[in-house]
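Student: I am attaching a structure below and will ask some questions about it afterwards.
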Amino acid sequence: MNESLNTAAQRAAAIRKVVRAIKRGNFASYGEVARRAGLPGRARLVGQVLREAGDDRRLPWHRVTGSGGRIAFPAGSRGAREQLRRLGREGVQSRGQRVLAKPQASSARTLDALLWKI
DNA sequence: CGGGTGACAACGT
DNA sequence: AACGTTGCCACCC
C-alpha cells in the first residue's frame with residue numbers, strides 16, 4: 001500500500017496528496033507533511049514541490065507552515081500576507097509570523113458531553 | 001565528483 | 001520571541 005516513492009515524480013505526488021488532505025482550518029508543518037508522505041526528514045522537498053506547484057488551486061499550500069506554525073515566507077512579503085489572509089479566512093488565528101493551533105476547548109468534561117450526548 | 005542553494009528542523013544563546 | 005548554527009536532503013549547475 002505504501003507507494004514506491006522511488007522517483008522524484010512519485011515523491012512529489014505523495015507530498016501533494018498529503019497537502020490536499022489537510023482540511024480547512026487546519027495546518028501542518030513541512031516536516032509533518034513529509035512524514036505523512038512517508039518521507040521523514042525531507043521537509044525541504046515539500047517546499048520544493050509546493051514552489052513548483054505555484055498557484056495550483058487544487059493544492060491548499062497555505063495550510064503548510066514552518067515548524068511550530070511559523071510562516072516560512074519573509075515577514076511582510078506577498079506570500080506571507082497571502083498565506084495569513086487565506087488561513088484567516090478559514091478561521092486560523094495568527095500572531096505575527098505565527099499561526100496558532102486550534103484552541104482545544106475540549107476539556108474531558110466537554111468531550112464526554114459530546115460523546116455521551118449529555 | 002564538488003559546491004551552492006533552499007516555501008526546513010532542531011537546538012543553543 | 002528572535003536570530004544564528006548546524007544537520008539534512010534533493011537539485012542544479
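Going through the C-alpha cells in order, the chains are called A, B, and so on, while each chain numbers its residues from 1 and the ligands are numbered from 1 in the order shown.
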Could you work out which residues of chain C fall inside 12 Å of chain A? Count only C-alpha atoms (C1' of nucleotides), and format the result as a VMD selection string.
Tutor: chain C and resid 1 to 2 7 to 11
Student: Could those selected residues go to a file with N, CA, C and O atoms (P, O5', C5', C4', C3', O3' and C1' of nucleotides), as a PDB file, in the first residue's frame?
Tutor:
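Saved to out.pdb:
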```
ATOM      1  P    DA C   1       6.736  32.806  21.663  1.00  0.00           P
ATOM      2  O5'  DA C   1       7.697  34.054  21.453  1.00  0.00           O
ATOM      3  C5'  DA C   1       7.217  35.385  21.477  1.00  0.00           C
ATOM      4  C4'  DA C   1       8.239  36.264  20.802  1.00  0.00           C
ATOM      5  C3'  DA C   1       8.563  35.798  19.384  1.00  0.00           C
ATOM      6  O3'  DA C   1       8.844  36.916  18.575  1.00  0.00           O
ATOM      7  C1'  DA C   1      10.476  35.534  20.781  1.00  0.00           C
ATOM      8  P    DA C   2       9.243  36.793  17.081  1.00  0.00           P
ATOM      9  O5'  DA C   2      10.832  37.020  17.120  1.00  0.00           O
ATOM     10  C5'  DA C   2      11.345  38.201  17.693  1.00  0.00           C
ATOM     11  C4'  DA C   2      12.842  38.234  17.461  1.00  0.00           C
ATOM     12  C3'  DA C   2      13.232  37.860  16.031  1.00  0.00           C
ATOM     13  O3'  DA C   2      14.349  38.646  15.660  1.00  0.00           O
ATOM     14  C1'  DA C   2      14.199  36.339  17.534  1.00  0.00           C
ATOM     15  P    DG C   7      27.065  19.914  12.193  1.00  0.00           P
ATOM     16  O5'  DG C   7      25.739  19.165  11.710  1.00  0.00           O
ATOM     17  C5'  DG C   7      24.799  18.764  12.687  1.00  0.00           C
ATOM     18  C4'  DG C   7      23.582  18.168  11.995  1.00  0.00           C
ATOM     19  C3'  DG C   7      23.939  17.272  10.811  1.00  0.00           C
ATOM     20  O3'  DG C   7      23.141  16.104  10.863  1.00  0.00           O
ATOM     21  C1'  DG C   7      22.420  18.948  10.124  1.00  0.00           C
ATOM     22  P    DC C   8      23.450  14.894   9.864  1.00  0.00           P
ATOM     23  O5'  DC C   8      22.137  14.891   8.958  1.00  0.00           O
ATOM     24  C5'  DC C   8      21.628  16.083   8.511  1.00  0.00           C
ATOM     25  C4'  DC C   8      20.303  15.871   7.837  1.00  0.00           C
ATOM     26  C3'  DC C   8      20.479  15.130   6.515  1.00  0.00           C
ATOM     27  O3'  DC C   8      19.564  14.077   6.365  1.00  0.00           O
ATOM     28  C1'  DC C   8      19.777  17.446   6.165  1.00  0.00           C
ATOM     29  P    DC C   9      20.013  12.962   5.257  1.00  0.00           P
ATOM     30  O5'  DC C   9      19.006  13.241   4.041  1.00  0.00           O
ATOM     31  C5'  DC C   9      17.887  14.082   4.228  1.00  0.00           C
ATOM     32  C4'  DC C   9      17.401  14.605   2.890  1.00  0.00           C
ATOM     33  C3'  DC C   9      17.963  13.891   1.674  1.00  0.00           C
ATOM     34  O3'  DC C   9      16.978  13.780   0.684  1.00  0.00           O
ATOM     35  C1'  DC C   9      18.473  16.173   1.533  1.00  0.00           C
ATOM     36  P    DA C  10      17.199  12.752  -0.529  1.00  0.00           P
ATOM     37  O5'  DA C  10      16.766  13.622  -1.792  1.00  0.00           O
ATOM     38  C5'  DA C  10      15.472  14.177  -1.800  1.00  0.00           C
ATOM     39  C4'  DA C  10      15.429  15.388  -2.712  1.00  0.00           C
ATOM     40  C3'  DA C  10      15.823  15.092  -4.155  1.00  0.00           C
ATOM     41  O3'  DA C  10      14.911  15.759  -4.997  1.00  0.00           O
ATOM     42  C1'  DA C  10      17.187  16.820  -3.297  1.00  0.00           C
ATOM     43  P    DC C  11      14.851  15.332  -6.557  1.00  0.00           P
ATOM     44  O5'  DC C  11      15.376  16.647  -7.271  1.00  0.00           O
ATOM     45  C5'  DC C  11      16.252  17.485  -6.542  1.00  0.00           C
ATOM     46  C4'  DC C  11      16.322  18.850  -7.150  1.00  0.00           C
ATOM     47  C3'  DC C  11      16.766  18.840  -8.604  1.00  0.00           C
ATOM     48  O3'  DC C  11      16.244  19.967  -9.278  1.00  0.00           O
ATOM     49  C1'  DC C  11      18.513  19.688  -7.213  1.00  0.00           C
TER      50       DC C  11
END
```
Student: Can you check which residues of stretch 1-117 of chain A DSSP gives as alpha helix (DSSP H) on the backbone and send them as a PyMOL selection string?
Tutor: chain A and resi 8-20+30-36+43-53+78-89+108-116
Student: Using only C-alpha atoms (C1' of nucleotides), find which residues of chain B lie within 12 Å of chain A and jot them down as a PyMOL selection string.
Tutor: chain B and resi 5-10
Student: For the atom pair atom CA of A:Gly69 and atom CA of A:Arg89, what is the interatomic distance in Å to one decimal place?
Tutor: 16.3 Å
Student: Enter the distance from atom CA of A:Ser77 to atom CA of A:Ala28, in Å, rounded to one decimal.
Tutor: 20.5 Å
Student: What is the atom CA of A:Glu82-atom CA of A:Phe27 distance in Å, reported with one decimal?
Tutor: 14.8 Å
Student: Identify all residues of chain A in strand (DSSP E or B) (DSSP on the backbone) and supply them as a ChimeraX atom specification.
Tutor: /A:28-29,64-65,70,94-95,98-99
Student: Export, as a compact mmCIF listing (two decimals), in the first residue's frame, the selected residues with N, CA, C and O atoms.
Tutor:
```txt
# COMPACT_ATOMS: atom_id res chain seq x y z
N ALA A 28 -0.35 22.10 8.74
CA ALA A 28 0.69 21.13 9.11
C ALA A 28 2.03 21.70 8.67
O ALA A 28 2.11 22.45 7.71
N SER A 29 3.06 21.33 9.38
CA SER A 29 4.39 21.85 9.04
C SER A 29 4.98 21.06 7.88
O SER A 29 4.51 19.97 7.55
N VAL A 64 0.31 24.83 4.80
CA VAL A 64 1.61 24.25 5.17
C VAL A 64 2.48 25.36 5.75
O VAL A 64 2.70 26.39 5.11
N THR A 65 2.96 25.15 6.95
CA THR A 65 3.77 26.16 7.64
C THR A 65 5.12 25.59 8.05
O THR A 65 5.36 24.40 7.90
N ARG A 70 5.11 28.51 12.18
CA ARG A 70 5.79 29.71 11.69
C ARG A 70 5.60 29.83 10.17
O ARG A 70 5.76 28.86 9.45
N SER A 94 -3.69 34.09 14.05
CA SER A 94 -2.24 34.22 13.93
C SER A 94 -1.75 35.37 14.78
O SER A 94 -2.52 36.25 15.18
N ARG A 95 -0.48 35.33 15.07
CA ARG A 95 0.15 36.36 15.88
C ARG A 95 1.48 36.63 15.23
O ARG A 95 2.41 35.83 15.34
N ARG A 98 3.32 33.87 13.04
CA ARG A 98 3.00 32.53 13.54
C ARG A 98 1.49 32.29 13.62
O ARG A 98 0.77 33.15 14.12
N VAL A 99 1.08 31.16 13.14
CA VAL A 99 -0.33 30.81 13.24
C VAL A 99 -0.49 29.97 14.50
O VAL A 99 0.42 29.25 14.91
```
Student: Restricting the calculation to only C-alpha atoms: of A:Lys102, A:Arg16, A:Arg24, A:Arg58, which residue gets closest to A:Glu90?
Tutor: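 Once distances to A:Glu90 are computed over only C-alpha atoms, the minimum belongs to A:Arg24.
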Student: Which residues, written as a ChimeraX atom specification, have at least one atom at most 12 Å from C:DT5, with only C-alpha atoms (C1' of nucleotides) counted and residues fewer than 4 positions away on the same chain left out?
Tutor: /B:10-13
Student: Hey, can you spit out that residue selection with N, CA, C and O atoms (P, O5', C5', C4', C3', O3' and C1' of nucleotides) as an mmCIF file, in the first residue's frame?
Tutor:
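Once written, again32.cif looks like this:
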```
data_model
loop_
_atom_site.group_PDB
_atom_site.id
_atom_site.type_symbol
_atom_site.label_atom_id
_atom_site.label_comp_id
_atom_site.auth_asym_id
_atom_site.auth_seq_id
_atom_site.Cartn_x
_atom_site.Cartn_y
_atom_site.Cartn_z
ATOM 1 P P DA B 10 11.746 19.342 14.337
ATOM 2 O "O5'" DA B 10 13.125 19.533 15.119
ATOM 3 C "C5'" DA B 10 14.186 18.632 14.857
ATOM 4 C "C4'" DA B 10 15.411 19.047 15.676
ATOM 5 C "C3'" DA B 10 15.051 19.471 17.097
ATOM 6 O "O3'" DA B 10 15.990 18.890 17.992
ATOM 7 C "C1'" DA B 10 16.226 21.208 15.999
ATOM 8 P P DC B 11 15.792 19.149 19.565
ATOM 9 O "O5'" DC B 11 17.018 20.115 19.841
ATOM 10 C "C5'" DC B 11 18.210 19.969 19.069
ATOM 11 C "C4'" DC B 11 19.194 21.082 19.414
ATOM 12 C "C3'" DC B 11 19.015 21.649 20.822
ATOM 13 O "O3'" DC B 11 20.286 21.856 21.414
ATOM 14 C "C1'" DC B 11 18.908 23.382 19.248
ATOM 15 P P DG B 12 20.397 22.308 22.978
ATOM 16 O "O5'" DG B 12 21.245 23.641 22.842
ATOM 17 C "C5'" DG B 12 22.444 23.650 22.043
ATOM 18 C "C4'" DG B 12 22.909 25.076 21.881
ATOM 19 C "C3'" DG B 12 22.914 25.858 23.193
ATOM 20 O "O3'" DG B 12 24.110 26.628 23.300
ATOM 21 C "C1'" DG B 12 21.550 26.953 21.595
ATOM 22 P P DT B 13 24.388 27.455 24.704
ATOM 23 O "O5'" DT B 13 24.015 28.928 24.255
ATOM 24 C "C5'" DT B 13 24.622 29.470 23.099
ATOM 25 C "C4'" DT B 13 24.174 30.904 22.897
ATOM 26 C "C3'" DT B 13 24.071 31.715 24.185
ATOM 27 O "O3'" DT B 13 24.526 33.051 23.952
ATOM 28 C "C1'" DT B 13 22.010 31.744 23.053
#
```
